[in-house]
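Taking it in order: structure first as structure tokens, then the write-up.
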Amino acid sequence: MRIAVFHPGAMGSKLAAQLVVAGHEVRWVPDGRSDASKARADEAGLIGASFDDAVALADAVLCSCAPQGAVDIAEQVGRAGFAGLYVEANPLSPKSLQAAQSAVPDATFVDAGVVGPPPTGGPSPTHLMLSGADAETAAGLWADTAVTPMVVGAEPGAASAAKSSYALYNKGKAALAVLAFQLAEKHGVTEALIAQQTRADGGSLKDPGLPDQLRSVAWRWGPEFDELAETLDAAGLEGDAARALRQVWTKLS
């Protein structure tokens, strides 16, 4: 199958690489992308193309980018008249997901969300949550690869909810650890905090360099927490909790 990927970053390039492993012809658009992006695409075996050619030749589109760009990409693809399988693999709120789906009216829309590290065949699985009427078809794109597809619902929204639920826990825990290290540093008690790593719930306290390590993803995780807040609001839950944690990523980025 011919697949276009927009715009493959650290995660998207690895998802795309596994599509190449599965035997698909995968294109991306190098115009305006960084040297790092081009290096990732080359390593993944992706074919460079213009936007128009990538969409026109595609049977399927994978959108895997920072959440703040997802609706814009869907609108561009929709304006190009794409009518194939559209896999929206970003952690979006119900409002943003609906906007993305509405932007590609002629496409078969599948909601997706990645849980776990980029797929490299390591010990921690990469689960690709999928939902929608054609989720099984989307799952088949990654057959016999390091990606583990999981069809979690018949309607778009279920996959994003599954991804968001885990992201709230996993990245929320990271945000609290960052705050804990920052507070301990202010009072000169970092070593006392690190000493608590031996406790069953203290795994995130092993490395006082965690705040600096997370600066490289804070620009992406911040908007993800905006989407999480809206998702919680839509469910009648505490969206303000995610908004508060979002400030951690704002100050790190």
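Ordered as shown in the structure tokens, chains take letters A, B, and onward, while each chain numbers its residues from 1 and ligands are numbered from 1 in the order shown.
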For this session: Considering only C-alpha atoms, return as a ChimeraX atom specification whatever protein or nucleic-acid residues lie within 12 Å of Ala175 in chain A, sequence-local ones (same chain, fewer than 5 positions apart) excluded.
Result: /A:167-170,180-182,204-205,210-211,214-215,217-218,221-222,225,241-252
For this session: Would you mind writing down, as an NGL selection string, each residue of range 19-181 of chain A that DSSP on the backbone assigns to strand (DSSP E)?
Result: :A and (25-28 or 47-48 or 60-63 or 85-88 or 108-115 or 126-131 or 147-153)
For this session: Pick out the residues sitting within 8 Å of Pro223 in chain A, and hand them over as JSON, numbers by chain; count only C-alpha atoms, and ignore anything fewer than 6 positions along from it in its own chain.
Result: {"A": [66, 67, 68, 246]}
Could those residues be written to a file, using N, CA and C atoms, as a PDB file, in the first residue's frame?
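selection11.pdb written:
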```pdb
ATOM      1  N   ALA A  66       3.030  16.822  16.526  1.00  0.00           N
ATOM      2  CA  ALA A  66       2.624  17.454  17.781  1.00  0.00           C
ATOM      3  C   ALA A  66       1.138  17.798  17.682  1.00  0.00           C
ATOM      4  N   PRO A  67       0.390  17.678  18.782  1.00  0.00           N
ATOM      5  CA  PRO A  67      -1.062  17.850  18.700  1.00  0.00           C
ATOM      6  C   PRO A  67      -1.505  19.200  18.161  1.00  0.00           C
ATOM      7  N   GLN A  68      -0.697  20.247  18.373  1.00  0.00           N
ATOM      8  CA  GLN A  68      -1.107  21.571  17.924  1.00  0.00           C
ATOM      9  C   GLN A  68      -1.137  21.698  16.407  1.00  0.00           C
ATOM     10  N   ARG A 246       0.057  21.558  33.166  1.00  0.00           N
ATOM     11  CA  ARG A 246       0.545  22.113  31.911  1.00  0.00           C
ATOM     12  C   ARG A 246       1.586  23.215  32.163  1.00  0.00           C
TER      13      ARG A 246
END
```
Problem set entry | Surrounding residues of Ser37 in chain A excluding itself and chain neighbours under 4 positions, 12 Å, only C-alpha atoms, as a ChimeraX atom specification | /A:6-14,28-33,41-44,46,48,65
Those same residues, written as an mmCIF file, in the first residue's frame with C-alpha atoms?
```
data_model
loop_
_atom_site.group_PDB
_atom_site.id
_atom_site.type_symbol
_atom_site.label_atom_id
_atom_site.label_comp_id
_atom_site.auth_asym_id
_atom_site.auth_seq_id
_atom_site.Cartn_x
_atom_site.Cartn_y
_atom_site.Cartn_z
ATOM 1 C CA PHE A 6 2.745 13.915 8.087
ATOM 2 C CA HIS A 7 5.071 15.003 9.701
ATOM 3 C CA PRO A 8 7.330 12.310 11.098
ATOM 4 C CA GLY A 9 9.110 13.355 14.266
ATOM 5 C CA ALA A 10 10.729 11.125 16.861
ATOM 6 C CA MET A 11 7.622 8.921 17.165
ATOM 7 C CA GLY A 12 6.145 9.334 13.693
ATOM 8 C CA SER A 13 9.373 8.392 11.943
ATOM 9 C CA LYS A 14 9.536 5.132 13.895
ATOM 10 C CA TRP A 28 6.861 12.181 3.462
ATOM 11 C CA VAL A 29 7.313 15.882 2.626
ATOM 12 C CA PRO A 30 10.847 17.150 3.344
ATOM 13 C CA ASP A 31 10.099 20.754 2.312
ATOM 14 C CA GLY A 32 10.596 23.037 5.306
ATOM 15 C CA ARG A 33 11.681 20.216 7.608
ATOM 16 C CA ALA A 41 13.291 9.964 7.334
ATOM 17 C CA ASP A 42 16.341 8.629 5.524
ATOM 18 C CA GLU A 43 16.996 6.141 8.303
ATOM 19 C CA ALA A 44 13.371 5.012 8.172
ATOM 20 C CA LEU A 46 10.887 7.109 3.576
ATOM 21 C CA GLY A 48 10.644 12.363 -0.205
ATOM 22 C CA CYS A 65 2.856 15.112 14.806
#
```
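We find CA of Gly140 in chain A and CA of Gln18 in chain A to be spaced 11.9 Å apart.
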Exercise. Which is closer to Asp226 in chain A than all the others in A:Ala36, A:Leu183, A:Ala107, A:Leu92, using only C-alpha atoms?
Worked result: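 Counting only C-alpha atoms, the residue closest to Asp226 in chain A is A:Leu92.
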For this session: Considering only C-alpha atoms, return as a PyMOL selection string whatever protein or nucleic-acid residues lie within 6 Å of range 110-127 of chain A, sequence-local ones (same chain, fewer than 5 positions apart) excluded.
Result: chain A and resi 11+14+87-90+132+135+146-149+156+159-160+163
Can you spit out the residues from that selection as a PDB file, in the first residue's frame, using N, CA, C and O atoms?
```pdb
ATOM      1  N   MET A  11       8.545  10.060  17.151  1.00  0.00           N
ATOM      2  CA  MET A  11       7.622   8.921  17.165  1.00  0.00           C
ATOM      3  C   MET A  11       7.141   8.582  15.769  1.00  0.00           C
ATOM      4  O   MET A  11       7.158   7.416  15.343  1.00  0.00           O
ATOM      5  N   LYS A  14       9.417   6.546  13.523  1.00  0.00           N
ATOM      6  CA  LYS A  14       9.536   5.132  13.895  1.00  0.00           C
ATOM      7  C   LYS A  14       8.279   4.348  13.492  1.00  0.00           C
ATOM      8  O   LYS A  14       8.374   3.188  13.065  1.00  0.00           O
ATOM      9  N   VAL A  87      -5.489   8.043   9.157  1.00  0.00           N
ATOM     10  CA  VAL A  87      -5.216   7.603  10.527  1.00  0.00           C
ATOM     11  C   VAL A  87      -4.692   8.799  11.317  1.00  0.00           C
ATOM     12  O   VAL A  87      -3.573   9.261  11.095  1.00  0.00           O
ATOM     13  N   GLU A  88      -5.492   9.279  12.233  1.00  0.00           N
ATOM     14  CA  GLU A  88      -5.160  10.450  13.052  1.00  0.00           C
ATOM     15  C   GLU A  88      -4.521   9.969  14.348  1.00  0.00           C
ATOM     16  O   GLU A  88      -5.198   9.541  15.279  1.00  0.00           O
ATOM     17  N   ALA A  89      -3.175  10.021  14.409  1.00  0.00           N
ATOM     18  CA  ALA A  89      -2.447   9.422  15.533  1.00  0.00           C
ATOM     19  C   ALA A  89      -1.872  10.471  16.470  1.00  0.00           C
ATOM     20  O   ALA A  89      -0.690  10.448  16.802  1.00  0.00           O
ATOM     21  N   ASN A  90      -2.701  11.403  16.894  1.00  0.00           N
ATOM     22  CA  ASN A  90      -2.287  12.437  17.839  1.00  0.00           C
ATOM     23  C   ASN A  90      -3.223  12.435  19.044  1.00  0.00           C
ATOM     24  O   ASN A  90      -4.404  12.106  18.906  1.00  0.00           O
ATOM     25  N   GLY A 132     -12.729   3.232  15.284  1.00  0.00           N
ATOM     26  CA  GLY A 132     -13.415   3.689  14.088  1.00  0.00           C
ATOM     27  C   GLY A 132     -13.883   2.500  13.274  1.00  0.00           C
ATOM     28  O   GLY A 132     -13.457   1.360  13.503  1.00  0.00           O
ATOM     29  N   ALA A 135     -11.025   0.466  11.756  1.00  0.00           N
ATOM     30  CA  ALA A 135      -9.850   0.323  12.616  1.00  0.00           C
ATOM     31  C   ALA A 135      -9.086  -0.969  12.334  1.00  0.00           C
ATOM     32  O   ALA A 135      -7.850  -0.999  12.416  1.00  0.00           O
ATOM     33  N   ALA A 146       7.064  -4.250  14.840  1.00  0.00           N
ATOM     34  CA  ALA A 146       7.283  -3.977  16.261  1.00  0.00           C
ATOM     35  C   ALA A 146       6.160  -3.154  16.877  1.00  0.00           C
ATOM     36  O   ALA A 146       6.185  -2.886  18.083  1.00  0.00           O
ATOM     37  N   VAL A 147       5.180  -2.747  16.071  1.00  0.00           N
ATOM     38  CA  VAL A 147       4.004  -2.039  16.576  1.00  0.00           C
ATOM     39  C   VAL A 147       2.924  -3.062  16.930  1.00  0.00           C
ATOM     40  O   VAL A 147       2.674  -3.999  16.156  1.00  0.00           O
ATOM     41  N   THR A 148       2.286  -2.879  18.092  1.00  0.00           N
ATOM     42  CA  THR A 148       1.190  -3.768  18.499  1.00  0.00           C
ATOM     43  C   THR A 148      -0.124  -3.006  18.420  1.00  0.00           C
ATOM     44  O   THR A 148      -0.459  -2.227  19.318  1.00  0.00           O
ATOM     45  N   PRO A 149      -0.895  -3.169  17.334  1.00  0.00           N
ATOM     46  CA  PRO A 149      -2.177  -2.474  17.228  1.00  0.00           C
ATOM     47  C   PRO A 149      -3.195  -3.046  18.214  1.00  0.00           C
ATOM     48  O   PRO A 149      -3.217  -4.253  18.473  1.00  0.00           O
ATOM     49  N   PRO A 156     -14.640   6.728  16.388  1.00  0.00           N
ATOM     50  CA  PRO A 156     -13.532   7.631  16.717  1.00  0.00           C
ATOM     51  C   PRO A 156     -13.746   8.274  18.081  1.00  0.00           C
ATOM     52  O   PRO A 156     -14.875   8.600  18.454  1.00  0.00           O
ATOM     53  N   ALA A 159      -9.960   5.606  20.901  1.00  0.00           N
ATOM     54  CA  ALA A 159      -8.500   5.476  20.905  1.00  0.00           C
ATOM     55  C   ALA A 159      -7.849   6.678  21.570  1.00  0.00           C
ATOM     56  O   ALA A 159      -6.909   6.537  22.362  1.00  0.00           O
ATOM     57  N   SER A 160      -8.335   7.877  21.255  1.00  0.00           N
ATOM     58  CA  SER A 160      -7.792   9.078  21.894  1.00  0.00           C
ATOM     59  C   SER A 160      -8.020   9.051  23.399  1.00  0.00           C
ATOM     60  O   SER A 160      -7.165   9.481  24.172  1.00  0.00           O
ATOM     61  N   LYS A 163      -5.459   6.645  24.925  1.00  0.00           N
ATOM     62  CA  LYS A 163      -4.156   7.293  24.959  1.00  0.00           C
ATOM     63  C   LYS A 163      -4.121   8.382  26.024  1.00  0.00           C
ATOM     64  O   LYS A 163      -3.159   8.496  26.808  1.00  0.00           O
TER      65      LYS A 163
END
```
